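final_37.tsv (TSV, C-alpha atoms) appears below.
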chain	number	residue	atom	x	y	z
F	1	MET	CA	121.57	121.05	101.04
F	2	ILE	CA	123.52	118.51	98.97
F	3	ARG	CA	124.20	116.41	102.07
F	4	PHE	CA	120.51	116.50	102.93
F	5	ILE	CA	119.54	115.22	99.47
F	6	VAL	CA	122.22	112.50	99.56
F	7	ARG	CA	121.02	111.29	102.98
F	8	ARG	CA	117.41	111.14	101.81
F	9	SER	CA	118.42	109.37	98.60
F	10	LEU	CA	120.37	106.71	100.49
F	11	PHE	CA	117.42	106.23	102.80
F	12	GLY	CA	115.19	105.75	99.76
F	13	ILE	CA	117.54	103.11	98.35
F	14	VAL	CA	117.38	101.20	101.65
F	15	VAL	CA	113.57	101.37	101.55
F	16	LEU	CA	113.51	100.00	98.00
F	17	TRP	CA	115.81	97.14	99.00
F	18	LEU	CA	113.61	96.25	101.98
F	19	VAL	CA	110.45	96.37	99.85
F	20	SER	CA	111.98	94.22	97.13
F	21	THR	CA	113.20	91.66	99.69
F	22	VAL	CA	109.86	91.39	101.47
F	23	VAL	CA	107.89	91.15	98.24
F	24	PHE	CA	110.31	88.55	96.78
F	25	PHE	CA	109.82	86.20	99.71
F	26	LEU	CA	106.07	86.78	99.82
F	27	VAL	CA	105.48	86.31	96.09
F	28	PHE	CA	108.05	83.70	95.11
F	29	VAL	CA	108.55	81.72	98.31
F	30	ALA	CA	105.35	81.90	100.36
F	31	ALA	CA	102.71	82.45	97.65
F	32	GLY	CA	102.73	78.96	96.12
F	33	LYS	CA	103.85	77.16	92.98
F	34	PRO	CA	104.21	79.41	89.91
F	35	GLU	CA	104.79	76.40	87.66
F	36	ARG	CA	101.09	75.61	88.06
F	37	VAL	CA	100.26	79.02	86.61
F	38	ILE	CA	102.51	78.46	83.60
F	39	GLY	CA	101.78	74.79	82.98
F	40	GLY	CA	98.06	74.93	83.56
F	41	PRO	CA	95.83	72.40	85.37
F	42	ARG	CA	96.65	69.53	82.96
F	43	ALA	CA	100.43	69.74	83.16
F	44	THR	CA	102.19	66.53	84.09
F	45	THR	CA	104.65	66.17	86.96
F	46	GLU	CA	107.56	66.05	84.52
F	47	THR	CA	106.37	69.22	82.79
F	48	LEU	CA	106.12	71.02	86.12
F	49	ARG	CA	109.61	69.86	87.05
F	50	LEU	CA	111.04	71.19	83.78
F	51	ILE	CA	109.29	74.52	84.27
F	52	ARG	CA	110.77	74.86	87.76
F	53	ALA	CA	114.23	74.02	86.41
F	54	ASN	CA	113.94	76.57	83.58
F	55	LEU	CA	112.88	79.26	86.03
F	56	GLY	CA	115.60	78.37	88.51
F	57	LEU	CA	113.02	77.56	91.17
F	58	ASP	CA	114.73	74.28	92.04
F	59	GLU	CA	117.70	76.23	93.40
F	60	PRO	CA	118.01	77.12	97.10
F	61	VAL	CA	116.09	80.22	98.13
F	62	ILE	CA	119.23	82.23	98.86
F	63	VAL	CA	120.54	81.49	95.35
F	64	GLN	CA	117.22	82.57	93.83
F	65	TYR	CA	117.31	85.74	95.91
F	66	GLY	CA	120.84	86.56	94.77
F	67	ALA	CA	119.89	86.02	91.13
F	68	PHE	CA	116.81	88.20	91.64
F	69	LEU	CA	118.87	91.07	93.06
F	70	GLY	CA	121.35	90.74	90.21
F	71	ARG	CA	118.60	90.99	87.60
F	72	LEU	CA	116.99	93.84	89.51
F	73	LEU	CA	120.21	95.89	89.52
F	74	GLY	CA	120.32	95.41	85.74
F	75	GLY	CA	116.75	96.66	85.37
F	76	ASP	CA	115.39	93.19	84.54
F	77	LEU	CA	112.13	92.30	86.30
F	78	GLY	CA	111.72	89.00	84.50
F	79	ARG	CA	108.98	87.84	82.16
F	80	SER	CA	105.28	87.43	82.67
F	81	TYR	CA	104.21	83.86	83.39
F	82	ILE	CA	101.04	84.32	81.35
F	83	HIS	CA	102.11	86.46	78.39
F	84	GLY	CA	105.81	85.68	78.24
F	85	THR	CA	106.67	89.33	77.64
F	86	PRO	CA	109.16	91.36	79.73
F	87	VAL	CA	107.56	92.83	82.84
F	88	THR	CA	109.32	96.16	82.29
F	89	SER	CA	107.63	96.60	78.90
F	90	MET	CA	104.21	95.68	80.33
F	91	ILE	CA	104.60	98.24	83.10
F	92	ALA	CA	105.97	100.88	80.71
F	93	GLU	CA	102.89	100.50	78.48
F	94	ARG	CA	100.53	101.15	81.39
F	95	LEU	CA	102.51	103.46	83.67
F	96	GLY	CA	102.25	106.49	81.38
F	97	THR	CA	98.45	106.49	81.51
F	98	THR	CA	98.38	106.26	85.30
F	99	VAL	CA	101.03	108.96	85.74
F	100	VAL	CA	99.11	111.33	83.43
F	101	LEU	CA	95.92	110.61	85.38
F	102	VAL	CA	97.50	111.20	88.79
F	103	LEU	CA	99.56	114.27	87.85
F	104	GLY	CA	96.67	115.96	86.05
F	105	ALA	CA	94.34	115.33	88.98
F	106	SER	CA	97.00	116.44	91.48
F	107	VAL	CA	97.17	119.90	89.93
F	108	LEU	CA	93.40	120.23	90.36
F	109	TRP	CA	93.13	118.91	93.89
F	110	LEU	CA	96.16	120.80	95.21
F	111	ALA	CA	95.22	124.16	93.69
F	112	GLY	CA	91.53	123.78	94.48
F	113	GLY	CA	92.04	122.39	97.97
F	114	VAL	CA	94.57	125.02	99.04
F	115	LEU	CA	92.54	127.91	97.61
F	116	THR	CA	89.29	126.70	99.18
F	117	GLY	CA	91.01	126.03	102.50
F	118	VAL	CA	92.56	129.51	102.61
F	119	LEU	CA	89.26	131.18	101.77
F	120	SER	CA	87.50	129.10	104.41
F	121	ALA	CA	90.10	129.93	107.09
F	122	THR	CA	90.17	133.66	106.37
F	123	ARG	CA	86.36	133.80	106.41
F	124	ALA	CA	85.70	131.53	109.37
F	125	ARG	CA	82.03	130.90	110.19
F	126	SER	CA	80.91	132.78	107.09
F	127	LEU	CA	78.80	131.41	104.24
F	128	VAL	CA	81.97	130.52	102.34
F	129	ASP	CA	83.24	128.54	105.31
F	130	ARG	CA	79.96	126.67	105.69
F	131	LEU	CA	79.82	125.80	101.99
F	132	ALA	CA	83.42	124.58	102.17
F	133	THR	CA	82.49	122.41	105.15
F	134	LEU	CA	79.62	120.86	103.18
F	135	PHE	CA	81.99	120.22	100.28
F	136	VAL	CA	84.49	118.52	102.59
F	137	LEU	CA	81.79	116.29	104.10
F	138	ALA	CA	80.52	115.32	100.65
F	139	GLY	CA	84.00	114.63	99.33
F	140	LEU	CA	85.03	112.53	102.32
F	141	SER	CA	81.77	110.57	102.40
F	142	MET	CA	81.28	109.61	98.77
F	143	PRO	CA	83.06	106.48	97.47
F	144	ALA	CA	85.31	106.85	94.44
F	145	PHE	CA	83.11	104.76	92.15
F	146	VAL	CA	80.04	106.85	92.99
F	147	VAL	CA	81.79	110.11	92.07
F	148	ALA	CA	83.15	108.61	88.84
F	149	LEU	CA	79.80	107.16	87.79
F	150	LEU	CA	77.94	110.39	88.62
F	151	MET	CA	80.35	112.47	86.55
F	152	LEU	CA	80.20	109.97	83.73
F	153	TYR	CA	76.39	110.05	83.76
F	154	VAL	CA	75.90	113.80	84.14
F	155	LEU	CA	78.82	115.18	82.15
F	156	PHE	CA	78.97	112.50	79.46
F	157	SER	CA	75.46	111.17	79.01
F	158	LYS	CA	73.40	114.29	79.70
F	159	ALA	CA	75.89	116.77	78.26
F	160	GLY	CA	76.21	114.57	75.17
F	161	ASP	CA	72.45	114.70	74.70
F	162	ALA	CA	72.74	118.49	74.75
F	163	GLY	CA	75.44	118.40	72.07
F	164	ILE	CA	78.33	119.03	74.49
F	165	HIS	CA	80.94	116.29	74.23
F	166	LEU	CA	83.20	116.31	77.28
F	167	PHE	CA	84.42	112.72	77.18
F	168	GLU	CA	85.61	110.31	74.50
F	169	PRO	CA	85.48	106.75	75.89
F	170	GLY	CA	87.05	104.84	73.04
F	171	PRO	CA	90.25	106.21	71.49
F	172	PRO	CA	93.72	106.04	73.11
F	173	LEU	CA	95.24	109.03	74.87
F	174	GLN	CA	96.98	110.25	71.72
F	175	GLU	CA	93.57	110.93	70.13
F	176	ASN	CA	91.33	113.59	71.71
F	177	PHE	CA	93.60	113.73	74.77
F	178	TRP	CA	91.75	116.46	76.64
F	179	LYS	CA	88.32	114.92	76.12
F	180	ARG	CA	89.72	111.56	77.18
F	181	MET	CA	91.26	112.77	80.44
F	182	THR	CA	89.20	115.74	81.69
F	183	LEU	CA	86.50	113.71	83.46
F	184	PRO	CA	88.92	111.20	85.03
F	185	TRP	CA	91.01	114.11	86.33
F	186	PHE	CA	88.03	115.82	87.96
F	187	ALA	CA	86.63	112.55	89.34
F	188	LEU	CA	89.91	111.67	91.03
F	189	ALA	CA	90.61	115.25	92.16
F	190	PHE	CA	87.17	115.74	93.74
F	191	LEU	CA	87.76	113.13	96.42
F	192	LEU	CA	91.21	114.38	97.42
F	193	MET	CA	90.37	118.08	97.13
F	194	ALA	CA	88.02	117.77	100.08
F	195	GLY	CA	90.76	116.44	102.33
F	196	TYR	CA	93.20	119.14	101.24
F	197	THR	CA	90.58	121.80	101.93
F	198	ARG	CA	90.19	120.55	105.48
F	199	LEU	CA	93.95	120.19	105.98
F	200	THR	CA	94.71	123.68	104.64
F	201	ARG	CA	91.91	125.27	106.65
F	202	GLY	CA	93.13	123.76	109.91
F	203	ALA	CA	96.75	124.70	109.25
F	204	MET	CA	95.83	128.26	108.25
F	205	LEU	CA	93.69	128.80	111.35
F	206	ASP	CA	96.63	127.72	113.53
F	207	VAL	CA	99.10	129.94	111.69
F	208	LEU	CA	96.85	133.02	111.60
F	209	GLY	CA	96.72	132.94	115.40
F	210	GLU	CA	100.51	133.13	115.76
F	211	ASP	CA	102.25	136.18	117.23
F	212	TYR	CA	104.25	137.00	114.10
F	213	ILE	CA	101.01	137.25	112.08
F	214	ARG	CA	99.60	139.74	114.59
F	215	THR	CA	102.89	141.64	114.43
F	216	ALA	CA	102.73	141.79	110.62
F	217	ARG	CA	99.18	143.14	110.80
F	218	SER	CA	100.12	145.70	113.45
F	219	LYS	CA	102.81	147.03	111.09
F	220	GLY	CA	100.10	147.88	108.59
F	221	LEU	CA	100.91	145.23	105.96
F	222	PRO	CA	98.08	144.50	103.52
F	223	GLU	CA	95.93	141.55	104.58
F	224	ARG	CA	96.57	139.74	101.31
F	225	ARG	CA	100.33	139.89	101.91
F	226	VAL	CA	99.95	138.76	105.51
F	227	VAL	CA	97.83	135.77	104.51
F	228	TYR	CA	99.57	134.58	101.35
F	229	LYS	CA	103.20	135.53	102.01
F	230	HIS	CA	103.59	135.06	105.76
F	231	GLY	CA	100.75	132.71	106.66
F	232	LEU	CA	100.39	130.38	103.70
F	233	ARG	CA	104.07	129.41	103.55
F	234	ALA	CA	103.99	128.09	107.10
F	235	ALA	CA	100.61	126.43	106.59
F	236	LEU	CA	101.77	124.56	103.50
F	237	THR	CA	104.20	122.27	105.31
F	238	PRO	CA	101.62	119.60	106.31
F	239	VAL	CA	99.93	119.99	102.92
F	240	VAL	CA	103.18	119.34	101.04
F	241	THR	CA	103.88	116.30	103.21
F	242	GLN	CA	100.46	114.81	102.50
F	243	PHE	CA	100.79	115.66	98.81
F	244	GLY	CA	103.92	113.54	98.47
F	245	VAL	CA	102.29	110.59	100.19
F	246	ASP	CA	99.17	110.80	98.01
F	247	ILE	CA	101.05	111.17	94.73
F	248	GLY	CA	103.14	108.09	95.36
F	249	ALA	CA	100.32	105.96	96.73
F	250	LEU	CA	97.86	106.82	93.95
F	251	ILE	CA	100.17	105.47	91.25
F	252	GLY	CA	99.09	101.97	92.24
F	253	SER	CA	95.59	102.64	93.55
F	254	THR	CA	93.61	104.28	90.75
F	255	ILE	CA	91.83	101.02	89.95
F	256	VAL	CA	88.27	102.34	90.29
F	257	THR	CA	88.81	105.49	88.23
F	258	GLU	CA	90.60	103.57	85.48
F	259	LYS	CA	87.90	100.91	85.40
F	260	VAL	CA	84.98	103.34	85.19
F	261	PHE	CA	86.57	105.46	82.46
F	262	GLY	CA	88.15	102.59	80.54
F	263	LEU	CA	91.76	103.69	81.04
F	264	GLN	CA	94.38	100.99	80.59
F	265	GLY	CA	96.66	101.91	83.47
F	266	ILE	CA	98.63	100.26	86.25
F	267	GLY	CA	95.52	99.78	88.39
F	268	GLN	CA	93.86	97.42	85.94
F	269	LEU	CA	97.13	95.57	85.36
F	270	VAL	CA	97.39	94.95	89.12
F	271	VAL	CA	93.93	93.39	89.25
F	272	GLN	CA	94.53	91.21	86.20
F	273	SER	CA	97.91	89.98	87.48
F	274	ILE	CA	96.61	89.13	90.95
F	275	THR	CA	93.62	87.29	89.45
F	276	VAL	CA	95.80	84.93	87.39
F	277	GLY	CA	98.71	84.78	89.87
F	278	ASP	CA	101.29	86.36	87.57
F	279	ALA	CA	104.02	86.76	90.22
F	280	PRO	CA	106.70	88.61	88.19
F	281	VAL	CA	104.19	91.26	87.11
F	282	ILE	CA	102.89	91.68	90.66
F	283	LEU	CA	106.43	92.07	91.95
F	284	GLY	CA	107.35	94.52	89.20
F	285	ILE	CA	104.30	96.70	89.86
F	286	VAL	CA	104.99	96.77	93.61
F	287	LEU	CA	108.56	97.86	92.98
F	288	ALA	CA	107.48	100.48	90.44
F	289	VAL	CA	104.95	101.92	92.89
F	290	ALA	CA	107.54	101.84	95.70
F	291	LEU	CA	109.97	103.73	93.47
F	292	CYS	CA	107.29	106.35	92.74
F	293	VAL	CA	106.60	106.73	96.47
F	294	VAL	CA	110.32	107.12	97.27
F	295	VAL	CA	110.87	109.68	94.50
F	296	ALA	CA	107.74	111.62	95.46
F	297	ASN	CA	108.79	111.75	99.11
F	298	LEU	CA	112.33	112.83	98.15
F	299	LEU	CA	110.89	115.73	96.17
F	300	VAL	CA	108.60	116.58	99.08
F	301	ASP	CA	111.56	116.56	101.50
F	302	ILE	CA	113.40	118.98	99.21
F	303	ALA	CA	110.35	121.25	98.97
F	304	TYR	CA	109.83	120.97	102.72
F	305	SER	CA	113.43	122.06	103.35
F	306	PHE	CA	112.74	125.28	101.44
F	307	LEU	CA	109.55	125.93	103.40
F	308	ASP	CA	111.21	125.11	106.74
F	309	PRO	CA	115.06	125.14	106.65
F	310	ARG	CA	115.22	123.46	110.08
F	311	VAL	CA	114.44	120.03	108.54
F	312	ARG	CA	117.83	120.03	106.77
F	313	GLN	CA	119.41	119.21	110.12
F	314	PHE	CA	117.75	115.79	110.24
What does the file become when written as structure tokens?
Amino acid sequence: MIRFIVRRSLFGIVVLWLVSTVVFFLVFVAAGKPERVIGGPRATTETLRLIRANLGLDEPVIVQYGAFLGRLLGGDLGRSYIHGTPVTSMIAERLGTTVVLVLGASVLWLAGGVLTGVLSATRARSLVDRLATLFVLAGLSMPAFVVALLMLYVLFSKAGDAGIHLFEPGPPLQENFWKRMTLPWFALAFLLMAGYTRLTRGAMLDVLGEDYIRTARSKGLPERRVVYKHGLRAALTPVVTQFGVDIGALIGSTIVTEKVFGLQGIGQLVVQSITVGDAPVILGIVLAVALCVVVANLLVDIAYSFLDPRVRQF
């Protein structure tokens, strides 16, 4: 087991190095002239030259790359071209909000999707199965901003008129935390729950047709034990794999949900940085998201190895 974790960790380090290298050359070499962003449209040629010299951009590319890797190993992502503040502090201020949003929603979509999928698979072609199918179609068809706006209108505006306050749009997370985050959690979870329902249903239908399930039933085991102990464990392997991918990817792609609910997270920082061409911040966010993806997939690999010990051989 230790060797399996070490191999996966080393693979993750290689992935991070490749991502950092590709992004460095795309952002700092191929993207354009960052001195224009810092100096502004009225900067003189001499001013631009001094800015490039101060940033080390007049050095050969290989020297810049070596200095970049050295700073990266020391945890230094540079300073923002626009604000002049360390990129690590800018990301740290926003990352907590996004992580809370994604983790809170993940509990809802994983629990709800797996439960609905199991109920749908064990009651195939029943009313429960048909309602679950309608839910999946609705969840997969509706854009994220539509779901967020509908929840904001119905559960904030209309419920507020009835004296039920489910959302507090203004204060930071430390104040009225649950009212601040409940609607964003449900809005984000609704879209992904539909996919997990479909994924779990398909996996459970395949597993419930296996010979060992029929053998367990023929031995007189209770149906609940057959489904949840013998069937669900095998059916969870594709669900766990998808869960790791979604957790990592959502860290940098919750822009719509954050915008609608006024959450100052990584998603909004990405948009702002791309708009003004703040290369160090863009690079730092990409690396932070890549790190989240690598860590999430490492945890999924470990969980997967417990569900299916055969994967430890790879």
Please provide the set of residues having any atom within 8 Å of stretch 288-300 of chain F, restricted to only C-alpha atoms, with same-chain residues fewer than 3 positions apart removed, written as a PyMOL selection string.
chain F and resi 5+8-9+12+15-16+19+240-241+243-245+247-249+251-252+284-285+303-304
Restricting it to C-alpha atoms, dump the selection as a PDB file, in the frame of the given file.
ATOM      1  CA  ILE F   5     119.540 115.220  99.470  1.00  0.00           C
ATOM      2  CA  ARG F   8     117.410 111.140 101.810  1.00  0.00           C
ATOM      3  CA  SER F   9     118.420 109.370  98.600  1.00  0.00           C
ATOM      4  CA  GLY F  12     115.190 105.750  99.760  1.00  0.00           C
ATOM      5  CA  VAL F  15     113.570 101.370 101.550  1.00  0.00           C
ATOM      6  CA  LEU F  16     113.510 100.000  98.000  1.00  0.00           C
ATOM      7  CA  VAL F  19     110.450  96.370  99.850  1.00  0.00           C
ATOM      8  CA  VAL F 240     103.180 119.340 101.040  1.00  0.00           C
ATOM      9  CA  THR F 241     103.880 116.300 103.210  1.00  0.00           C
ATOM     10  CA  PHE F 243     100.790 115.660  98.810  1.00  0.00           C
ATOM     11  CA  GLY F 244     103.920 113.540  98.470  1.00  0.00           C
ATOM     12  CA  VAL F 245     102.290 110.590 100.190  1.00  0.00           C
ATOM     13  CA  ILE F 247     101.050 111.170  94.730  1.00  0.00           C
ATOM     14  CA  GLY F 248     103.140 108.090  95.360  1.00  0.00           C
ATOM     15  CA  ALA F 249     100.320 105.960  96.730  1.00  0.00           C
ATOM     16  CA  ILE F 251     100.170 105.470  91.250  1.00  0.00           C
ATOM     17  CA  GLY F 252      99.090 101.970  92.240  1.00  0.00           C
ATOM     18  CA  GLY F 284     107.350  94.520  89.200  1.00  0.00           C
ATOM     19  CA  ILE F 285     104.300  96.700  89.860  1.00  0.00           C
ATOM     20  CA  ALA F 303     110.350 121.250  98.970  1.00  0.00           C
ATOM     21  CA  TYR F 304     109.830 120.970 102.720  1.00  0.00           C
TER      22      TYR F 304
END
Kindly provide the residues of stretch 78-120 of chain F that approach stretch 128-152 of chain F to within 9 Å, each paired with its closest atom pair and their distance in Å to one decimal, based on all atoms listed in the file, listed by chain and increasing number, as a Markdown table.
| residue | atom | partner | partner_atom | distance |
| --- | --- | --- | --- | --- |
| F:Thr116 | CA | F:Ala132 | CA | 6.9 |
| F:Gly117 | CA | F:Ala132 | CA | 7.7 |
| F:Leu119 | CA | F:Val128 | CA | 7.3 |
| F:Ser120 | CA | F:Asp129 | CA | 4.4 |
Point out the residue among F:Val27, F:Leu250, F:Leu191, F:Val227 with the least atom-to-atom distance to F:Ile266, counting all atoms listed in the file.
F:Leu250
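Using all atoms listed in the file, the nearest neighbour of F:Tyr81 within the list F:Val118, F:Ile51, F:Leu69, F:Ala189 is F:Ile51.
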Identify the residues around (117.1, 95.9, 88.9) within a radius of 12 Å, measuring from all atoms listed in the file in the coordinates stated by the file, and give them as a list in words.
Ile13, Leu16, Trp17, Ser20, Gly66, Ala67, Phe68, Leu69, Gly70, Arg71, Leu72, Leu73, Gly74, Gly75, Asp76, Leu77, Gly78, Val87, Thr88, Leu283, Gly284, Leu287, Ala288 and Leu291 of chain F
Write the selection just made, keeping C-alpha atoms, as a PDB file, keeping the file's coordinate frame?
ATOM      1  CA  ILE F  13     117.540 103.110  98.350  1.00  0.00           C
ATOM      2  CA  LEU F  16     113.510 100.000  98.000  1.00  0.00           C
ATOM      3  CA  TRP F  17     115.810  97.140  99.000  1.00  0.00           C
ATOM      4  CA  SER F  20     111.980  94.220  97.130  1.00  0.00           C
ATOM      5  CA  GLY F  66     120.840  86.560  94.770  1.00  0.00           C
ATOM      6  CA  ALA F  67     119.890  86.020  91.130  1.00  0.00           C
ATOM      7  CA  PHE F  68     116.810  88.200  91.640  1.00  0.00           C
ATOM      8  CA  LEU F  69     118.870  91.070  93.060  1.00  0.00           C
ATOM      9  CA  GLY F  70     121.350  90.740  90.210  1.00  0.00           C
ATOM     10  CA  ARG F  71     118.600  90.990  87.600  1.00  0.00           C
ATOM     11  CA  LEU F  72     116.990  93.840  89.510  1.00  0.00           C
ATOM     12  CA  LEU F  73     120.210  95.890  89.520  1.00  0.00           C
ATOM     13  CA  GLY F  74     120.320  95.410  85.740  1.00  0.00           C
ATOM     14  CA  GLY F  75     116.750  96.660  85.370  1.00  0.00           C
ATOM     15  CA  ASP F  76     115.390  93.190  84.540  1.00  0.00           C
ATOM     16  CA  LEU F  77     112.130  92.300  86.300  1.00  0.00           C
ATOM     17  CA  GLY F  78     111.720  89.000  84.500  1.00  0.00           C
ATOM     18  CA  VAL F  87     107.560  92.830  82.840  1.00  0.00           C
ATOM     19  CA  THR F  88     109.320  96.160  82.290  1.00  0.00           C
ATOM     20  CA  LEU F 283     106.430  92.070  91.950  1.00  0.00           C
ATOM     21  CA  GLY F 284     107.350  94.520  89.200  1.00  0.00           C
ATOM     22  CA  LEU F 287     108.560  97.860  92.980  1.00  0.00           C
ATOM     23  CA  ALA F 288     107.480 100.480  90.440  1.00  0.00           C
ATOM     24  CA  LEU F 291     109.970 103.730  93.470  1.00  0.00           C
TER      25      LEU F 291
END
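The nearest approach to F:Thr98 among the residues F:Leu127, F:Leu263, F:Met193, F:Leu208, with only C-alpha atoms taken into account, belongs to F:Leu263.
Residue nearest F:Ser106, chosen from F:Lys179, F:Glu46, F:Asp246, F:Phe24 and counting all atoms listed in the file: F:Asp246.
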Please indicate the distance in Å from atom CA of F:Met90 to atom CA of F:Thr254, rounded to one decimal place.
17.2 Å
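Between F:Ala203 and the candidates F:Leu183, F:Ala234, F:Ala111, F:Ala216, the tightest atom-to-atom separation, counting all atoms listed in the file, involves F:Ala234.
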Would you mind listing what lies within 12 Å of F:Gly267 as a PyMOL selection string, with all atoms listed in the file counted and same-chain residues fewer than 6 positions away left out?
chain F and resi 91+94-99+101-102+249-260+273-274+282+285-286+289
Write the residues you've just listed into a file as an mmCIF file, in the frame of the given file, and include C-alpha atoms for each of them.
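Generated output (part02.cif):
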data_model
loop_
_atom_site.group_PDB
_atom_site.id
_atom_site.type_symbol
_atom_site.label_atom_id
_atom_site.label_comp_id
_atom_site.auth_asym_id
_atom_site.auth_seq_id
_atom_site.Cartn_x
_atom_site.Cartn_y
_atom_site.Cartn_z
ATOM 1 C CA ILE F 91 104.600 98.240 83.100
ATOM 2 C CA ARG F 94 100.530 101.150 81.390
ATOM 3 C CA LEU F 95 102.510 103.460 83.670
ATOM 4 C CA GLY F 96 102.250 106.490 81.380
ATOM 5 C CA THR F 97 98.450 106.490 81.510
ATOM 6 C CA THR F 98 98.380 106.260 85.300
ATOM 7 C CA VAL F 99 101.030 108.960 85.740
ATOM 8 C CA LEU F 101 95.920 110.610 85.380
ATOM 9 C CA VAL F 102 97.500 111.200 88.790
ATOM 10 C CA ALA F 249 100.320 105.960 96.730
ATOM 11 C CA LEU F 250 97.860 106.820 93.950
ATOM 12 C CA ILE F 251 100.170 105.470 91.250
ATOM 13 C CA GLY F 252 99.090 101.970 92.240
ATOM 14 C CA SER F 253 95.590 102.640 93.550
ATOM 15 C CA THR F 254 93.610 104.280 90.750
ATOM 16 C CA ILE F 255 91.830 101.020 89.950
ATOM 17 C CA VAL F 256 88.270 102.340 90.290
ATOM 18 C CA THR F 257 88.810 105.490 88.230
ATOM 19 C CA GLU F 258 90.600 103.570 85.480
ATOM 20 C CA LYS F 259 87.900 100.910 85.400
ATOM 21 C CA VAL F 260 84.980 103.340 85.190
ATOM 22 C CA SER F 273 97.910 89.980 87.480
ATOM 23 C CA ILE F 274 96.610 89.130 90.950
ATOM 24 C CA ILE F 282 102.890 91.680 90.660
ATOM 25 C CA ILE F 285 104.300 96.700 89.860
ATOM 26 C CA VAL F 286 104.990 96.770 93.610
ATOM 27 C CA VAL F 289 104.950 101.920 92.890
#
When you draw a straight line from atom CA of F:Ser89 to atom CA of F:Gly277, how long is it in Å?
18.4 Å
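Distance-wise, atom CA of F:Arg198 and atom CA of F:Leu108 end up 15.5 Å apart.
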Excluding same-chain residues fewer than 4 positions from F:Val276, what lies within 10 Å of it counting only C-alpha atoms, as an MDAnalysis selection string?
chainID F and resid 37 81:82 271:272
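Using all atoms listed in the file, the shortest contact distance between F:Asp206 and any of F:Pro60, F:Ala121, F:Arg224, F:Met181 is found at F:Ala121.
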